file data_22.cif (mmCIF, N, CA and C atoms)
data_data
loop_
_atom_site.label_atom_id
_atom_site.label_comp_id
_atom_site.auth_asym_id
_atom_site.auth_seq_id
_atom_site.Cartn_x
_atom_site.Cartn_y
_atom_site.Cartn_z
N MET A 1 63.55 -10.11 36.68
CA MET A 1 63.77 -8.88 35.95
C MET A 1 62.57 -8.67 35.03
N GLU A 2 62.00 -7.54 35.13
CA GLU A 2 60.82 -7.17 34.33
C GLU A 2 61.26 -6.38 33.10
N LEU A 3 60.76 -6.79 31.92
CA LEU A 3 61.07 -6.08 30.67
C LEU A 3 59.97 -5.07 30.38
N ASN A 4 60.39 -3.89 29.96
CA ASN A 4 59.38 -2.90 29.59
C ASN A 4 58.92 -3.15 28.15
N SER A 5 57.98 -2.37 27.68
CA SER A 5 57.35 -2.57 26.39
C SER A 5 58.35 -2.48 25.23
N SER A 6 59.24 -1.51 25.25
CA SER A 6 60.20 -1.35 24.16
C SER A 6 61.21 -2.49 24.13
N GLN A 7 61.59 -3.01 25.29
CA GLN A 7 62.51 -4.14 25.35
C GLN A 7 61.85 -5.40 24.81
N LYS A 8 60.56 -5.60 25.12
CA LYS A 8 59.83 -6.75 24.59
C LYS A 8 59.72 -6.66 23.07
N THR A 9 59.43 -5.46 22.57
CA THR A 9 59.32 -5.27 21.13
C THR A 9 60.66 -5.54 20.45
N SER A 10 61.73 -5.06 21.04
CA SER A 10 63.06 -5.31 20.49
C SER A 10 63.39 -6.79 20.50
N LEU A 11 63.05 -7.48 21.55
CA LEU A 11 63.30 -8.91 21.65
C LEU A 11 62.52 -9.69 20.59
N VAL A 12 61.27 -9.31 20.36
CA VAL A 12 60.47 -9.97 19.33
C VAL A 12 61.06 -9.70 17.95
N ALA A 13 61.51 -8.47 17.69
CA ALA A 13 62.09 -8.12 16.39
C ALA A 13 63.38 -8.91 16.14
N VAL A 14 64.23 -9.02 17.14
CA VAL A 14 65.46 -9.79 17.01
C VAL A 14 65.15 -11.26 16.78
N GLY A 15 64.18 -11.79 17.50
CA GLY A 15 63.78 -13.19 17.32
C GLY A 15 63.25 -13.45 15.92
N ALA A 16 62.44 -12.52 15.41
CA ALA A 16 61.92 -12.66 14.05
C ALA A 16 63.04 -12.60 13.02
N PHE A 17 64.01 -11.71 13.24
CA PHE A 17 65.14 -11.59 12.34
C PHE A 17 65.97 -12.87 12.32
N VAL A 18 66.22 -13.45 13.48
CA VAL A 18 66.99 -14.69 13.58
C VAL A 18 66.22 -15.83 12.93
N ALA A 19 64.92 -15.92 13.17
CA ALA A 19 64.11 -16.97 12.55
C ALA A 19 64.10 -16.85 11.03
N ALA A 20 63.98 -15.62 10.53
CA ALA A 20 64.00 -15.42 9.08
C ALA A 20 65.36 -15.82 8.50
N GLY A 21 66.43 -15.51 9.21
CA GLY A 21 67.76 -15.90 8.75
C GLY A 21 67.93 -17.41 8.69
N ILE A 22 67.40 -18.11 9.67
CA ILE A 22 67.49 -19.57 9.69
C ILE A 22 66.69 -20.15 8.53
N VAL A 23 65.49 -19.65 8.31
CA VAL A 23 64.66 -20.14 7.20
C VAL A 23 65.34 -19.89 5.87
N LEU A 24 65.86 -18.68 5.67
CA LEU A 24 66.53 -18.37 4.40
C LEU A 24 67.77 -19.22 4.18
N SER A 25 68.53 -19.45 5.23
CA SER A 25 69.77 -20.21 5.08
C SER A 25 69.52 -21.69 4.82
N THR A 26 68.41 -22.22 5.26
CA THR A 26 68.16 -23.65 5.07
C THR A 26 67.25 -23.95 3.89
N VAL A 27 66.35 -23.07 3.54
CA VAL A 27 65.41 -23.33 2.46
C VAL A 27 65.85 -22.69 1.16
N VAL A 28 66.18 -21.42 1.20
CA VAL A 28 66.48 -20.69 -0.02
C VAL A 28 67.91 -20.93 -0.48
N PHE A 29 68.87 -20.96 0.41
CA PHE A 29 70.27 -21.10 0.05
C PHE A 29 70.91 -22.22 0.87
N PRO A 30 70.66 -23.47 0.49
CA PRO A 30 71.24 -24.58 1.27
C PRO A 30 72.76 -24.58 1.21
N PHE A 31 73.36 -25.02 2.29
CA PHE A 31 74.81 -25.03 2.43
C PHE A 31 75.47 -25.89 1.36
N TRP A 32 74.85 -27.00 0.97
CA TRP A 32 75.49 -27.91 0.03
C TRP A 32 75.63 -27.30 -1.36
N ASN A 33 74.98 -26.17 -1.65
CA ASN A 33 75.20 -25.48 -2.92
C ASN A 33 76.57 -24.83 -2.96
N LEU A 34 77.19 -24.63 -1.80
CA LEU A 34 78.53 -24.05 -1.75
C LEU A 34 79.60 -25.08 -2.12
N ILE A 35 79.29 -26.36 -1.95
CA ILE A 35 80.24 -27.43 -2.22
C ILE A 35 79.94 -27.99 -3.61
N ARG A 36 80.81 -27.72 -4.54
CA ARG A 36 80.58 -28.16 -5.91
C ARG A 36 81.31 -29.47 -6.18
N GLU A 37 80.71 -30.26 -7.03
CA GLU A 37 81.30 -31.53 -7.41
C GLU A 37 82.48 -31.27 -8.35
N ASP A 38 83.60 -31.96 -8.12
CA ASP A 38 84.75 -31.85 -9.02
C ASP A 38 84.48 -32.67 -10.27
N VAL A 39 84.74 -32.06 -11.43
CA VAL A 39 84.55 -32.72 -12.71
C VAL A 39 85.92 -32.82 -13.37
N TYR A 40 86.23 -33.99 -13.89
CA TYR A 40 87.47 -34.20 -14.64
C TYR A 40 87.10 -34.42 -16.10
N GLU A 41 87.84 -33.75 -17.00
CA GLU A 41 87.50 -33.86 -18.41
C GLU A 41 88.77 -33.71 -19.25
N ASP A 42 88.84 -34.50 -20.32
CA ASP A 42 89.92 -34.38 -21.28
C ASP A 42 89.53 -33.32 -22.30
N VAL A 43 90.39 -32.30 -22.45
CA VAL A 43 90.09 -31.18 -23.34
C VAL A 43 91.33 -30.83 -24.16
N THR A 44 91.12 -29.97 -25.14
CA THR A 44 92.20 -29.44 -25.96
C THR A 44 92.36 -27.96 -25.65
N ILE A 45 93.59 -27.54 -25.41
CA ILE A 45 93.87 -26.13 -25.14
C ILE A 45 93.56 -25.33 -26.40
N LEU A 46 92.71 -24.31 -26.29
CA LEU A 46 92.37 -23.48 -27.44
C LEU A 46 93.43 -22.41 -27.67
N THR A 47 93.79 -21.68 -26.61
CA THR A 47 94.83 -20.65 -26.72
C THR A 47 95.60 -20.58 -25.41
N ASN A 48 96.82 -20.03 -25.51
CA ASN A 48 97.61 -19.73 -24.33
C ASN A 48 98.01 -18.27 -24.45
N ASP A 49 97.43 -17.45 -23.59
CA ASP A 49 97.66 -16.01 -23.62
C ASP A 49 98.51 -15.61 -22.41
N ASN A 50 99.83 -15.67 -22.59
CA ASN A 50 100.77 -15.30 -21.52
C ASN A 50 100.53 -16.08 -20.22
N GLY A 51 100.38 -17.38 -20.33
CA GLY A 51 100.21 -18.22 -19.15
C GLY A 51 98.78 -18.44 -18.71
N ILE A 52 97.82 -17.89 -19.43
CA ILE A 52 96.41 -18.15 -19.14
C ILE A 52 95.83 -18.90 -20.33
N CYS A 53 95.48 -20.16 -20.10
CA CYS A 53 94.93 -21.00 -21.16
C CYS A 53 93.41 -20.96 -21.13
N TYR A 54 92.84 -21.17 -22.29
CA TYR A 54 91.39 -21.20 -22.43
C TYR A 54 91.00 -22.54 -23.05
N VAL A 55 89.95 -23.15 -22.48
CA VAL A 55 89.44 -24.42 -23.00
C VAL A 55 87.92 -24.37 -23.03
N GLU A 56 87.35 -25.24 -23.85
CA GLU A 56 85.89 -25.38 -23.93
C GLU A 56 85.55 -26.75 -23.35
N THR A 57 84.54 -26.81 -22.49
CA THR A 57 84.17 -28.06 -21.84
C THR A 57 82.75 -28.47 -22.22
N SER A 58 82.36 -29.65 -21.80
CA SER A 58 81.05 -30.19 -22.16
C SER A 58 79.90 -29.43 -21.53
N ASP A 59 80.15 -28.67 -20.46
CA ASP A 59 79.06 -27.91 -19.83
C ASP A 59 78.86 -26.54 -20.48
N SER A 60 79.56 -26.28 -21.59
CA SER A 60 79.43 -25.04 -22.38
C SER A 60 79.83 -23.78 -21.61
N VAL A 61 80.58 -23.94 -20.53
CA VAL A 61 81.12 -22.79 -19.80
C VAL A 61 82.61 -22.73 -20.10
N PRO A 62 83.07 -21.71 -20.85
CA PRO A 62 84.51 -21.63 -21.15
C PRO A 62 85.32 -21.54 -19.86
N LYS A 63 86.41 -22.26 -19.81
CA LYS A 63 87.24 -22.31 -18.61
C LYS A 63 88.57 -21.61 -18.85
N THR A 64 89.07 -20.94 -17.82
CA THR A 64 90.40 -20.35 -17.85
C THR A 64 91.30 -21.13 -16.91
N ILE A 65 92.54 -21.29 -17.32
CA ILE A 65 93.53 -22.01 -16.51
C ILE A 65 94.71 -21.07 -16.33
N GLU A 66 94.92 -20.58 -15.12
CA GLU A 66 96.03 -19.67 -14.84
C GLU A 66 97.31 -20.47 -14.59
N GLY A 67 98.44 -19.87 -14.94
CA GLY A 67 99.73 -20.53 -14.76
C GLY A 67 99.91 -21.71 -15.69
N CYS A 68 99.32 -21.63 -16.85
CA CYS A 68 99.33 -22.74 -17.81
C CYS A 68 100.61 -22.73 -18.62
N ILE A 69 101.24 -23.89 -18.75
CA ILE A 69 102.48 -24.01 -19.54
C ILE A 69 102.23 -24.76 -20.85
N ASN A 70 101.01 -25.19 -21.09
CA ASN A 70 100.68 -25.92 -22.30
C ASN A 70 100.46 -24.96 -23.46
N GLU A 71 100.62 -25.50 -24.67
CA GLU A 71 100.43 -24.71 -25.88
C GLU A 71 99.09 -25.03 -26.52
N ALA A 72 98.64 -24.15 -27.39
CA ALA A 72 97.39 -24.37 -28.11
C ALA A 72 97.48 -25.69 -28.88
N GLY A 73 96.42 -26.49 -28.78
CA GLY A 73 96.38 -27.79 -29.44
C GLY A 73 96.76 -28.95 -28.55
N ASP A 74 97.38 -28.69 -27.39
CA ASP A 74 97.74 -29.78 -26.47
C ASP A 74 96.48 -30.37 -25.85
N LYS A 75 96.49 -31.68 -25.69
CA LYS A 75 95.38 -32.37 -25.02
C LYS A 75 95.78 -32.59 -23.56
N VAL A 76 94.92 -32.14 -22.64
CA VAL A 76 95.20 -32.25 -21.21
C VAL A 76 93.94 -32.69 -20.48
N THR A 77 94.12 -33.15 -19.25
CA THR A 77 93.00 -33.44 -18.37
C THR A 77 92.89 -32.31 -17.37
N ILE A 78 91.69 -31.77 -17.22
CA ILE A 78 91.48 -30.66 -16.29
C ILE A 78 90.49 -31.06 -15.21
N LYS A 79 90.55 -30.32 -14.11
CA LYS A 79 89.61 -30.49 -13.00
C LYS A 79 88.96 -29.14 -12.76
N PHE A 80 87.62 -29.14 -12.63
CA PHE A 80 86.90 -27.90 -12.37
C PHE A 80 85.66 -28.20 -11.56
N GLY A 81 85.17 -27.19 -10.88
CA GLY A 81 83.92 -27.30 -10.15
C GLY A 81 82.75 -27.17 -11.11
N ASP A 82 81.73 -27.95 -10.91
CA ASP A 82 80.57 -27.95 -11.80
C ASP A 82 80.00 -26.54 -11.94
N GLY A 83 79.99 -26.01 -13.16
CA GLY A 83 79.43 -24.70 -13.43
C GLY A 83 80.38 -23.54 -13.22
N LEU A 84 81.60 -23.79 -12.78
CA LEU A 84 82.55 -22.70 -12.54
C LEU A 84 83.35 -22.40 -13.81
N ALA A 85 83.94 -21.21 -13.88
CA ALA A 85 84.62 -20.77 -15.09
C ALA A 85 86.14 -20.90 -15.00
N TRP A 86 86.68 -21.56 -13.99
CA TRP A 86 88.12 -21.75 -13.92
C TRP A 86 88.42 -23.21 -13.66
N ALA A 87 89.62 -23.60 -14.05
CA ALA A 87 90.00 -25.01 -13.95
C ALA A 87 91.49 -25.10 -13.66
N THR A 88 91.93 -26.32 -13.37
CA THR A 88 93.35 -26.59 -13.21
C THR A 88 93.70 -27.84 -14.01
N VAL A 89 94.92 -27.88 -14.50
CA VAL A 89 95.40 -29.04 -15.23
C VAL A 89 95.84 -30.08 -14.21
N VAL A 90 95.41 -31.32 -14.41
CA VAL A 90 95.83 -32.40 -13.52
C VAL A 90 96.77 -33.32 -14.28
N ASN A 91 97.74 -33.86 -13.59
CA ASN A 91 98.68 -34.80 -14.20
C ASN A 91 98.10 -36.19 -14.13
N PRO A 92 98.19 -36.92 -15.23
CA PRO A 92 97.62 -38.29 -15.24
C PRO A 92 98.36 -39.23 -14.30
#

call {"tool": "encode", "arguments": {"input": "data_22.cif", "output": "structure tokens"}}
result
Amino acid sequence: MELNSSQKTSLVAVGAFVAAGIVLSTVVFPFWNLIREDVYEDVTILTNDNGICYVETSDSVPKTIEGCINEAGDKVTIKFGDGLAWATVVNP
């Protein structure tokens, strides 16, 4: 099967697009950046606003905890992804 000029040009453009996508996905945005390390930390609940608790962590990113039953001042252990703004309370 013989390809004409426009088909060859289209094939080269698609190949370049795929190659650029592969380079960007492996060099610029590596897959392992999507998988965050779980961090466990003992914190004090700052406030409970109708089931949404707020805490301050060592990474200086305030965390929100939805479905929280703890009161302000309670000490709990939380689990959160490194650099993320939400957390969950874990039972010891």

call {"tool": "resolve_selection", "arguments": {"input": "data_22.cif", "expression": "the PyMOL selection byres ((chain A and resi 39) around 8)", "output": "number ranges by chain"}}
result
A: 36-38, 40-42, 78-83

call {"tool": "atom_distance", "arguments": {"input": "data_22.cif", "atom1": "CA of Glu56 in chain A", "atom2": "atom N of Val43 in chain A"}}
result
8.4 Å

call {"tool": "residues_near_point", "arguments": {"input": "data_22.cif", "point": "(98.8, -22.7, -27.9)", "cutoff": "5 Å", "atoms": "only N, CA and C atoms", "output": "PDB file with N, CA and C atoms, in the coordinates of the input"}}
result
ATOM      1  N   THR A  47      93.790 -21.680 -26.610  1.00  0.00           N
ATOM      2  CA  THR A  47      94.830 -20.650 -26.720  1.00  0.00           C
ATOM      3  C   THR A  47      95.600 -20.580 -25.410  1.00  0.00           C
ATOM      4  N   ASN A  48      96.820 -20.030 -25.510  1.00  0.00           N
ATOM      5  CA  ASN A  48      97.610 -19.730 -24.330  1.00  0.00           C
ATOM      6  C   ASN A  48      98.010 -18.270 -24.450  1.00  0.00           C
ATOM      7  N   GLU A  71     100.620 -25.500 -24.670  1.00  0.00           N
ATOM      8  CA  GLU A  71     100.430 -24.710 -25.880  1.00  0.00           C
ATOM      9  C   GLU A  71      99.090 -25.030 -26.520  1.00  0.00           C
ATOM     10  N   ALA A  72      98.640 -24.150 -27.390  1.00  0.00           N
ATOM     11  CA  ALA A  72      97.390 -24.370 -28.110  1.00  0.00           C
ATOM     12  C   ALA A  72      97.480 -25.690 -28.880  1.00  0.00           C
ATOM     13  N   GLY A  73      96.420 -26.490 -28.780  1.00  0.00           N
ATOM     14  CA  GLY A  73      96.380 -27.790 -29.440  1.00  0.00           C
ATOM     15  C   GLY A  73      96.760 -28.950 -28.550  1.00  0.00           C
TER      16      GLY A  73
END

call {"tool": "resolve_selection", "arguments": {"input": "data_22.cif", "expression": "the PyMOL selection byres ((chain A and resi 66) around 6)", "output": "count of residues only"}}
result
8

call {"tool": "select_by_dssp", "arguments": {"input": "data_22.cif", "residues": "range 16-70 of chain A", "states": "strand (DSSP E or B)", "output": "ChimeraX atom specification"}}
result
/A:38-44,47-49,52-55,63-66

call {"tool": "select_by_dssp", "arguments": {"input": "data_22.cif", "residues": "chain A", "states": "alpha helix (DSSP H)", "output": "PyMOL selection string"}}
result
chain A and resi 5-23

call {"tool": "atom_distance", "arguments": {"input": "data_22.cif", "atom1": "CA of Val61 in chain A", "atom2": "CA of Ala85 in chain A"}}
result
6.2 Å

call {"tool": "atom_distance", "arguments": {"input": "data_22.cif", "atom1": "atom C of Leu46 in chain A", "atom2": "atom N of Asp74 in chain A"}}
result
7.4 Å

call {"tool": "resolve_selection", "arguments": {"input": "data_22.cif", "expression": "the PyMOL selection byres (((chain A and resi 90 and name CA) around 8) and name CA)", "output": "list in words"}}
result
Val76, Thr77, Ile78, Lys79, Thr88, Val89, Asn91 and Pro92 of chain A

call {"tool": "closest_residue", "arguments": {"input": "data_22.cif", "among": "A:Ala20, A:Ile69, A:Leu11, A:Met1", "to": "Asn50 in chain A", "atoms": "only C-alpha atoms"}}
result
A:Ile69
